[in-house]
Amino acid sequence: MPRSTAKNNHIEPPLDLVGAYRTYLSSTHRGSEPYFSAARTFMLRYSDPAKWSQEPLERRLEENSSTRAFILYLMVTKRIRGDFPYLLERKLANIFVEVQGTDYEDDLRFFSAQARKVGFSERVSAAMTTSVIAKILLRTQQPLTQITSADLEEFETCCRAREAQTGMSARPLLVLSSSTRQVLFHAHLLANPPLSRTQRVPLKDRVGAVNGPFAQFLLRYLERKEVTCTRKTVSSLATRLAHFGQFVTEADPSLASPAELTRRSHIEPYLVSLPRSPNTKSSGTLSVAEQSRRVRAAGNFLREITEWGWPEAPPRQLFFRSDVPRLPRPLPRHLPPDADRLLAQELLASDYRQAADALLLQRACGLRIGELLDLELDCVHEIPEAGTWLKIPLGKMKTERMVPLDPDTLALVDRIIAERSPGQPLARPRTGKPAQFLFTHHGRRLGESAVRLELNRAAQAAGLGKITPHQLRHTYATALINAGVTLQSLMALLGHVSAEMSLRYASLFDSTVRTEYERALDLAKSRIGLPDLKEHRSLLPLSDVSVGSWHDTATIKSRLAGGHCLRSPAQQACQYANICEHCPSFRTEDSNLPVLEAQRKDALILAQDAKRRGWDSEVQRHEALVTQLDLLIERTRTA
């Protein structure tokens, strides 16, 4: 830990002070005559060094480099107190040399080590130490253990004032200051973690564009909704109701309360305007889904204040079910197997391991992105005789659930735990209670933006275009449906509260529909007398297998004793492939050894081809054949 007390220093006479400076430079193998001359000149000008601090900032910044070195010595030895306006103009890159043998040395080295422990790089740790902590220590002349949030707030206030005066952006220093708070919190030197970097706009300002007293009713409603809704939900309501309020008050400047709203003068013009309303987040107009949300938000506002008995509520219903635009019902956008495999390969090769592993875990367990980032350090539960399970915290549907983990996913979780940055518990976003989150980076929870950026990078590198994190959940569910999982199991795994939500995935590939289609088609053909073309139809190729070696085709391939078999990937492997070789009744003789050896050679080639394509089941099938052929060849030779 850093030192908790400071040494007592006394003020020497001018000549003794210059001599002490000479001794100090000699102890660090530095110093020359210009340095000593600058120190003597400074002391002749200011017999009391504290008087220098009273000079205007412009005058103090005019000192040459030799004099600045002496001034820093006076600050380091606590003979004068530093001030932020001056220190912000100074670079303290050599501060570790300057503080050798002083009270500050242990403090700076302790902070730098803590920053590295939290996960910051050596460069960023050094920047925080020299640009923030060193300047705060020189300003307060207090040990690191006594730094408070007020000291950091003063530093940040001076950074903003400098930006206003000089035009130089304060953002780099403010970001470093926020990270410094994070390090001090995890080092148990600050009681509370820093606030989110995203500043929350007050609700009063969110409805500021609404004219007249109508804004007060919207504000009162939003404050009431904060009691029962999450912060994110209230923020979305504020956006939509502000748009509604701005429109009706601009259309009718005399509008004073919701009670004065009318269907013809206010509601219908608002509904007509929605399809042409601009989308503030992207170019173009509002989507149909967003139009629906805005109609529902305005309708619920008027309905609920009526239910609550507000005297300002409208005397009659103004929004109706038919006002809500009918939404399209697209199928879930899952990733095809090839795209899924390419994306996984890019994520496995990523340099940003935490965000990449987060996406891999989301794909392996079908999590929503909010559930993914809310996972806690103790989320893995091992149940005797029931395997290992992942506990998903309260999410969108306000429910918890357990998802089974396979060995590969469990190893992925272990790797995430090993790479996360340690530190104190952080507040849960929904309850505010402290928790140790699974995904922490530089002492903070991993953010959605970092995960989305990594997914965009991996998708672009794999040549897949735009992919959203929720598509990984769709891909997980689609794979389960194709594998024959029951609807009840799918609901439990995805955390759905109604069968209708899970049925969307079942409609993607419905085997019952396929069976009925084929039965009806065969019956229709027989009735109208169409010829059966199955005998004349070729199941292959998906590519031209007549060109090049059959070993390289993108098909399910099997090496047989008297030839080979090629099938479309959609057909999967034939259940009778190489059944004879594995049969215990199979017998062979010496004359067939060349055939078996050629078959074994081809099976090895096919196993490598399947491994390259990511077809794990095919790899196992070919390797099992190689093992069986080795046994047959050995038995034949020794017979």
# chains A, B, ... in the order shown; residues from 1 in each chain; ligands from 1

$ residues_around --residues "stretch 315-324 of chain A" --least-positions-apart "3" --cutoff "9 Å" --atoms "only C-alpha atoms" --output "PyMOL selection string"
chain A and resi 259-263+267+271+291-293+295-296+298-300+302-303+306+312+327

$ write_last_selection --atoms "all heavy atoms" --output "compact mmCIF listing (two decimals), in the first residue's frame"
# COMPACT_ATOMS: atom_id res chain seq x y z
N ALA A 259 -56.46 17.05 -21.66
CA ALA A 259 -57.92 17.09 -21.74
C ALA A 259 -58.41 17.84 -22.97
O ALA A 259 -59.55 17.63 -23.42
CB ALA A 259 -58.49 17.73 -20.48
N GLU A 260 -57.60 18.70 -23.55
CA GLU A 260 -58.00 19.50 -24.71
C GLU A 260 -57.72 18.80 -26.03
O GLU A 260 -58.03 19.32 -27.10
CB GLU A 260 -57.29 20.85 -24.67
CG GLU A 260 -57.62 21.67 -23.42
CD GLU A 260 -56.83 22.97 -23.36
OE1 GLU A 260 -56.15 23.28 -24.37
OE2 GLU A 260 -56.86 23.65 -22.32
N LEU A 261 -57.09 17.62 -25.99
CA LEU A 261 -56.80 16.88 -27.21
C LEU A 261 -58.10 16.39 -27.86
O LEU A 261 -59.03 15.96 -27.16
CB LEU A 261 -55.90 15.68 -26.92
CG LEU A 261 -54.45 15.97 -26.54
CD1 LEU A 261 -53.77 14.71 -26.04
CD2 LEU A 261 -53.68 16.55 -27.72
N THR A 262 -58.13 16.44 -29.18
CA THR A 262 -59.27 15.90 -29.92
C THR A 262 -58.77 14.95 -30.99
O THR A 262 -57.63 15.07 -31.47
CB THR A 262 -60.10 17.01 -30.58
OG1 THR A 262 -59.31 17.65 -31.57
CG2 THR A 262 -60.59 18.02 -29.54
N ARG A 263 -59.61 14.03 -31.37
CA ARG A 263 -59.24 13.04 -32.37
C ARG A 263 -58.95 13.70 -33.71
O ARG A 263 -57.93 13.43 -34.35
CB ARG A 263 -60.39 12.02 -32.51
CG ARG A 263 -60.23 11.02 -33.64
CD ARG A 263 -59.25 9.93 -33.32
NE ARG A 263 -59.09 9.02 -34.43
CZ ARG A 263 -58.33 7.92 -34.41
NH1 ARG A 263 -57.67 7.60 -33.31
NH2 ARG A 263 -58.22 7.15 -35.46
N ILE A 267 -54.94 13.98 -33.00
CA ILE A 267 -54.49 12.59 -33.11
C ILE A 267 -54.36 12.15 -34.56
O ILE A 267 -53.32 11.59 -34.97
CB ILE A 267 -55.45 11.66 -32.35
CG1 ILE A 267 -55.58 12.11 -30.90
CG2 ILE A 267 -54.94 10.22 -32.42
CD1 ILE A 267 -54.27 12.25 -30.16
N LEU A 271 -51.03 10.82 -36.60
CA LEU A 271 -50.92 9.51 -37.23
C LEU A 271 -50.51 9.63 -38.69
O LEU A 271 -49.70 8.84 -39.19
CB LEU A 271 -52.25 8.76 -37.11
CG LEU A 271 -52.72 8.40 -35.69
CD1 LEU A 271 -54.12 7.81 -35.74
CD2 LEU A 271 -51.74 7.42 -35.05
N GLN A 291 -42.92 3.33 -35.79
CA GLN A 291 -44.23 4.00 -35.85
C GLN A 291 -45.21 3.34 -34.89
O GLN A 291 -45.94 4.02 -34.17
CB GLN A 291 -44.77 3.95 -37.28
CG GLN A 291 -43.99 4.74 -38.30
CD GLN A 291 -44.52 4.54 -39.70
OE1 GLN A 291 -45.72 4.55 -39.92
NE2 GLN A 291 -43.63 4.35 -40.66
N SER A 292 -45.21 2.01 -34.87
CA SER A 292 -46.09 1.28 -33.98
C SER A 292 -45.78 1.61 -32.52
O SER A 292 -46.68 1.82 -31.70
CB SER A 292 -45.96 -0.22 -34.22
OG SER A 292 -46.69 -0.96 -33.28
N ARG A 293 -44.49 1.66 -32.18
CA ARG A 293 -44.11 1.96 -30.80
C ARG A 293 -44.55 3.36 -30.39
O ARG A 293 -44.97 3.58 -29.24
CB ARG A 293 -42.60 1.81 -30.64
CG ARG A 293 -42.07 0.39 -30.87
CD ARG A 293 -40.60 0.29 -30.55
NE ARG A 293 -40.04 -0.97 -31.03
CZ ARG A 293 -39.28 -1.10 -32.10
NH1 ARG A 293 -38.98 -0.02 -32.84
NH2 ARG A 293 -38.82 -2.27 -32.49
N VAL A 295 -47.11 5.13 -31.59
CA VAL A 295 -48.56 5.15 -31.43
C VAL A 295 -48.94 4.52 -30.09
O VAL A 295 -49.77 5.05 -29.34
CB VAL A 295 -49.25 4.42 -32.59
CG1 VAL A 295 -50.75 4.27 -32.32
CG2 VAL A 295 -49.01 5.16 -33.90
N ARG A 296 -48.32 3.38 -29.76
CA ARG A 296 -48.62 2.72 -28.50
C ARG A 296 -48.21 3.57 -27.31
O ARG A 296 -48.92 3.62 -26.29
CB ARG A 296 -47.93 1.36 -28.44
CG ARG A 296 -48.48 0.33 -29.43
CD ARG A 296 -47.73 -0.99 -29.32
NE ARG A 296 -48.16 -1.94 -30.31
CZ ARG A 296 -49.23 -2.72 -30.20
NH1 ARG A 296 -49.98 -2.64 -29.10
NH2 ARG A 296 -49.54 -3.57 -31.15
N ALA A 298 -48.00 6.90 -27.07
CA ALA A 298 -48.94 8.00 -26.89
C ALA A 298 -50.29 7.49 -26.40
O ALA A 298 -50.92 8.09 -25.51
CB ALA A 298 -49.10 8.77 -28.20
N GLY A 299 -50.75 6.36 -26.96
CA GLY A 299 -52.02 5.79 -26.53
C GLY A 299 -52.00 5.34 -25.09
O GLY A 299 -52.96 5.57 -24.32
N ASN A 300 -50.91 4.70 -24.66
CA ASN A 300 -50.80 4.26 -23.27
C ASN A 300 -50.73 5.44 -22.31
O ASN A 300 -51.25 5.37 -21.19
CB ASN A 300 -49.56 3.37 -23.10
CG ASN A 300 -49.72 2.02 -23.76
OD1 ASN A 300 -50.83 1.57 -24.01
ND2 ASN A 300 -48.60 1.37 -24.05
N LEU A 302 -52.24 8.38 -22.60
CA LEU A 302 -53.59 8.90 -22.39
C LEU A 302 -54.46 7.89 -21.64
O LEU A 302 -55.28 8.27 -20.79
CB LEU A 302 -54.21 9.25 -23.74
CG LEU A 302 -53.49 10.35 -24.54
CD1 LEU A 302 -54.20 10.59 -25.86
CD2 LEU A 302 -53.40 11.64 -23.74
N ARG A 303 -54.29 6.60 -21.93
CA ARG A 303 -55.10 5.58 -21.26
C ARG A 303 -54.75 5.49 -19.78
O ARG A 303 -55.63 5.43 -18.91
CB ARG A 303 -54.89 4.22 -21.93
CG ARG A 303 -55.66 3.08 -21.26
CD ARG A 303 -55.39 1.76 -21.97
NE ARG A 303 -53.97 1.46 -22.02
CZ ARG A 303 -53.28 0.92 -21.00
NH1 ARG A 303 -53.90 0.67 -19.85
NH2 ARG A 303 -52.00 0.65 -21.13
N THR A 306 -55.88 8.33 -17.56
CA THR A 306 -57.32 8.19 -17.31
C THR A 306 -57.57 7.18 -16.21
O THR A 306 -58.39 7.41 -15.30
CB THR A 306 -58.03 7.76 -18.60
OG1 THR A 306 -57.81 8.72 -19.63
CG2 THR A 306 -59.54 7.63 -18.37
N GLU A 312 -56.82 16.01 -15.69
CA GLU A 312 -56.44 16.53 -17.01
C GLU A 312 -56.56 15.48 -18.11
O GLU A 312 -56.19 15.73 -19.26
CB GLU A 312 -55.00 17.06 -16.99
CG GLU A 312 -54.74 18.16 -15.96
CD GLU A 312 -54.39 17.59 -14.59
OE1 GLU A 312 -54.33 16.34 -14.47
OE2 GLU A 312 -54.17 18.39 -13.66
N LEU A 327 -47.54 -4.88 -38.19
CA LEU A 327 -46.12 -5.16 -38.34
C LEU A 327 -45.88 -6.37 -39.22
O LEU A 327 -46.66 -7.34 -39.19
CB LEU A 327 -45.48 -5.42 -36.96
CG LEU A 327 -45.54 -4.26 -35.96
CD1 LEU A 327 -44.89 -4.68 -34.66
CD2 LEU A 327 -44.85 -3.03 -36.52

$ select_by_dssp --residues "stretch 19-133 of chain A" --states "helix (DSSP H, G or I)" --output "short mmCIF file (atom, residue, chain, number, x, y, z; two decimals) with C-alpha atoms, in the first residue's frame"
data_model
loop_
_atom_site.label_atom_id
_atom_site.label_comp_id
_atom_site.auth_asym_id
_atom_site.auth_seq_id
_atom_site.Cartn_x
_atom_site.Cartn_y
_atom_site.Cartn_z
CA GLY A 19 22.78 23.54 -2.08
CA ALA A 20 20.06 21.03 -1.30
CA TYR A 21 19.01 21.16 -4.96
CA ARG A 22 22.62 20.47 -6.03
CA THR A 23 22.76 17.46 -3.72
CA TYR A 24 19.37 16.23 -5.01
CA LEU A 25 20.51 16.35 -8.66
CA SER A 26 23.79 14.63 -7.82
CA SER A 27 21.90 11.78 -6.16
CA GLU A 33 25.85 24.65 -14.31
CA PRO A 34 22.80 26.05 -16.15
CA TYR A 35 20.57 24.19 -13.68
CA PHE A 36 22.41 25.61 -10.63
CA SER A 37 22.53 29.08 -12.15
CA ALA A 38 18.77 28.98 -12.81
CA ALA A 39 18.16 27.94 -9.19
CA ARG A 40 20.30 30.81 -7.82
CA THR A 41 18.56 33.33 -10.10
CA PHE A 42 15.14 32.06 -9.02
CA MET A 43 16.01 32.34 -5.33
CA LEU A 44 17.39 35.86 -5.78
CA ARG A 45 14.11 36.82 -7.41
CA PRO A 49 9.48 30.40 -3.13
CA ALA A 50 5.77 30.60 -2.25
CA LYS A 51 5.69 34.10 -3.77
CA TRP A 52 6.28 32.55 -7.20
CA SER A 53 2.86 30.84 -6.95
CA GLN A 54 1.22 34.28 -6.74
CA LEU A 57 -0.03 32.05 -14.98
CA GLU A 58 1.38 33.61 -18.18
CA ARG A 59 4.42 34.85 -16.25
CA ARG A 60 5.04 31.47 -14.61
CA SER A 65 13.55 24.60 -18.99
CA SER A 66 16.30 24.88 -16.35
CA THR A 67 14.11 27.01 -14.11
CA ARG A 68 11.13 24.70 -14.64
CA ALA A 69 13.24 21.80 -13.37
CA PHE A 70 13.96 23.73 -10.16
CA ILE A 71 10.27 24.64 -9.75
CA LEU A 72 9.31 20.96 -10.06
CA TYR A 73 11.92 20.17 -7.41
CA LEU A 74 10.30 22.71 -5.09
CA MET A 75 6.91 21.07 -5.65
CA VAL A 76 8.19 17.53 -5.21
CA PHE A 84 -3.81 22.73 -11.76
CA PRO A 85 -3.72 25.66 -14.24
CA TYR A 86 0.10 25.47 -14.18
CA LEU A 87 0.43 21.67 -13.90
CA ILE A 95 8.31 12.18 -12.83
CA PHE A 96 9.58 8.83 -11.53
CA VAL A 97 13.14 10.18 -11.63
CA GLU A 98 12.09 13.47 -10.02
CA TYR A 104 5.62 10.52 -3.74
CA GLU A 105 7.76 7.67 -5.06
CA ASP A 106 5.93 4.80 -3.35
CA ASP A 107 2.53 6.34 -4.12
CA LEU A 108 3.20 6.65 -7.85
CA ARG A 109 4.67 3.18 -8.15
CA PHE A 110 1.76 1.68 -6.20
CA PHE A 111 -0.80 3.38 -8.42
CA SER A 112 0.99 2.32 -11.59
CA ALA A 113 1.07 -1.31 -10.40
CA GLN A 114 -2.65 -1.19 -9.55
CA ALA A 115 -3.48 0.17 -13.00
CA ARG A 116 -1.61 -2.73 -14.62
CA LYS A 117 -3.41 -5.18 -12.31
CA VAL A 118 -6.81 -3.89 -13.44
CA GLU A 122 1.84 -0.04 -19.62
CA ARG A 123 1.39 3.02 -21.83
CA VAL A 124 -2.05 3.92 -20.46
CA SER A 125 -0.94 3.22 -16.89
CA ALA A 126 1.97 5.62 -17.34
CA ALA A 127 -0.34 8.25 -18.85
CA MET A 128 -2.71 8.07 -15.86
CA THR A 129 0.20 8.25 -13.43
CA THR A 130 1.96 11.25 -15.02
CA SER A 131 -1.06 13.19 -16.32
CA VAL A 132 -3.51 12.74 -13.45
CA ILE A 133 -2.25 11.19 -10.21
#

$ closest_residue --among "A:Gln572, A:Ser47, A:Asn94, A:Gln345" --to "A:Thr28" --atoms "only C-alpha atoms"
A:Asn94

$ atom_distance --atom1 "atom CA of A:Glu307" --atom2 "atom CA of A:Val207"
22.8 Å

$ closest_residue --among "A:Ala477, A:Arg420, A:Arg428, A:Lys204" --to "A:Gly443" --atoms "only C-alpha atoms"
A:Arg420

$ closest_residue --among "A:Leu173, A:Leu343, A:Val99, A:Leu137" --to "A:Ala461" --atoms "only C-alpha atoms"
A:Leu343

$ closest_residue --among "A:Gly82, A:Pro425, A:Pro278, A:Gly208" --to "A:Leu241" --atoms "only C-alpha atoms"
A:Gly208

$ decode --residues "stretch 140-174 of chain A" --atoms "N, CA and C atoms" --output "CSV table (one decimal), in the first residue's frame"
chain,number,residue,atom,x,y,z
A,140,THR,N,-2.4,18.6,-4.0
A,140,THR,CA,-2.9,18.5,-2.7
A,140,THR,C,-1.8,18.3,-1.6
A,141,GLN,N,-0.6,17.9,-2.0
A,141,GLN,CA,0.5,17.6,-1.1
A,141,GLN,C,0.0,16.6,0.0
A,142,GLN,N,-0.9,15.7,-0.4
A,142,GLN,CA,-1.4,14.6,0.5
A,142,GLN,C,-1.0,13.3,-0.1
A,143,PRO,N,-0.9,12.3,0.8
A,143,PRO,CA,-0.5,10.9,0.3
A,143,PRO,C,-1.7,10.4,-0.6
A,144,LEU,N,-1.4,9.3,-1.3
A,144,LEU,CA,-2.4,8.7,-2.2
A,144,LEU,C,-3.6,8.2,-1.5
A,145,THR,N,-3.4,7.8,-0.2
A,145,THR,CA,-4.5,7.2,0.6
A,145,THR,C,-5.5,8.2,0.9
A,146,GLN,N,-5.2,9.5,0.8
A,146,GLN,CA,-6.1,10.6,1.2
A,146,GLN,C,-6.7,11.3,0.0
A,147,ILE,N,-6.5,10.8,-1.2
A,147,ILE,CA,-7.1,11.5,-2.4
A,147,ILE,C,-8.6,11.2,-2.3
A,148,THR,N,-9.4,12.1,-2.6
A,148,THR,CA,-10.9,12.0,-2.6
A,148,THR,C,-11.5,12.3,-4.0
A,149,SER,N,-12.8,12.0,-4.1
A,149,SER,CA,-13.5,12.3,-5.3
A,149,SER,C,-13.5,13.8,-5.6
A,150,ALA,N,-13.5,14.6,-4.5
A,150,ALA,CA,-13.5,16.0,-4.7
A,150,ALA,C,-12.2,16.5,-5.4
A,151,ASP,N,-11.1,15.8,-5.1
A,151,ASP,CA,-9.8,16.2,-5.7
A,151,ASP,C,-9.9,15.9,-7.2
A,152,LEU,N,-10.5,14.8,-7.6
A,152,LEU,CA,-10.6,14.4,-9.0
A,152,LEU,C,-11.6,15.4,-9.7
A,153,GLU,N,-12.7,15.7,-9.0
A,153,GLU,CA,-13.6,16.7,-9.6
A,153,GLU,C,-13.0,18.0,-9.8
A,154,GLU,N,-12.1,18.5,-8.9
A,154,GLU,CA,-11.4,19.8,-9.1
A,154,GLU,C,-10.5,19.7,-10.3
A,155,PHE,N,-9.8,18.5,-10.5
A,155,PHE,CA,-9.0,18.4,-11.6
A,155,PHE,C,-9.8,18.4,-12.9
A,156,GLU,N,-10.9,17.7,-13.0
A,156,GLU,CA,-11.7,17.7,-14.2
A,156,GLU,C,-12.3,19.1,-14.5
A,157,THR,N,-12.7,19.8,-13.4
A,157,THR,CA,-13.2,21.2,-13.6
A,157,THR,C,-12.2,22.1,-14.3
A,158,CYS,N,-11.0,22.0,-13.8
A,158,CYS,CA,-9.9,22.8,-14.4
A,158,CYS,C,-9.6,22.3,-15.8
A,159,CYS,N,-9.7,21.0,-16.1
A,159,CYS,CA,-9.5,20.6,-17.5
A,159,CYS,C,-10.6,21.2,-18.4
A,160,ARG,N,-11.8,21.3,-18.0
A,160,ARG,CA,-12.9,21.9,-18.8
A,160,ARG,C,-12.7,23.4,-18.9
A,161,ALA,N,-12.2,24.0,-17.9
A,161,ALA,CA,-11.9,25.5,-17.9
A,161,ALA,C,-10.8,25.8,-18.9
A,162,ARG,N,-9.8,24.9,-18.9
A,162,ARG,CA,-8.7,25.1,-19.9
A,162,ARG,C,-9.2,24.9,-21.3
A,163,GLU,N,-10.1,24.0,-21.5
A,163,GLU,CA,-10.7,23.8,-22.9
A,163,GLU,C,-11.4,25.0,-23.3
A,164,ALA,N,-12.2,25.6,-22.4
A,164,ALA,CA,-12.9,26.8,-22.7
A,164,ALA,C,-12.0,28.0,-23.1
A,165,GLN,N,-10.9,28.1,-22.4
A,165,GLN,CA,-10.0,29.2,-22.6
A,165,GLN,C,-9.1,29.1,-23.8
A,166,THR,N,-8.6,27.8,-24.0
A,166,THR,CA,-7.6,27.6,-25.1
A,166,THR,C,-8.2,26.9,-26.3
A,167,GLY,N,-9.3,26.3,-26.2
A,167,GLY,CA,-9.9,25.5,-27.3
A,167,GLY,C,-9.3,24.1,-27.4
A,168,MET,N,-8.3,23.8,-26.6
A,168,MET,CA,-7.7,22.4,-26.6
A,168,MET,C,-8.7,21.4,-25.9
A,169,SER,N,-9.0,20.3,-26.6
A,169,SER,CA,-10.0,19.4,-26.1
A,169,SER,C,-9.6,18.8,-24.7
A,170,ALA,N,-10.5,18.8,-23.8
A,170,ALA,CA,-10.3,18.2,-22.5
A,170,ALA,C,-10.6,16.7,-22.5
A,171,ARG,N,-11.1,16.2,-23.5
A,171,ARG,CA,-11.5,14.8,-23.5
A,171,ARG,C,-10.4,13.8,-23.2
A,172,PRO,N,-9.2,13.9,-23.7
A,172,PRO,CA,-8.2,12.9,-23.4
A,172,PRO,C,-7.9,12.9,-21.9
A,173,LEU,N,-7.8,14.0,-21.2
A,173,LEU,CA,-7.6,14.1,-19.8
A,173,LEU,C,-8.8,13.6,-19.0
A,174,LEU,N,-10.0,13.9,-19.5
A,174,LEU,CA,-11.2,13.5,-18.8
A,174,LEU,C,-11.3,11.9,-18.8
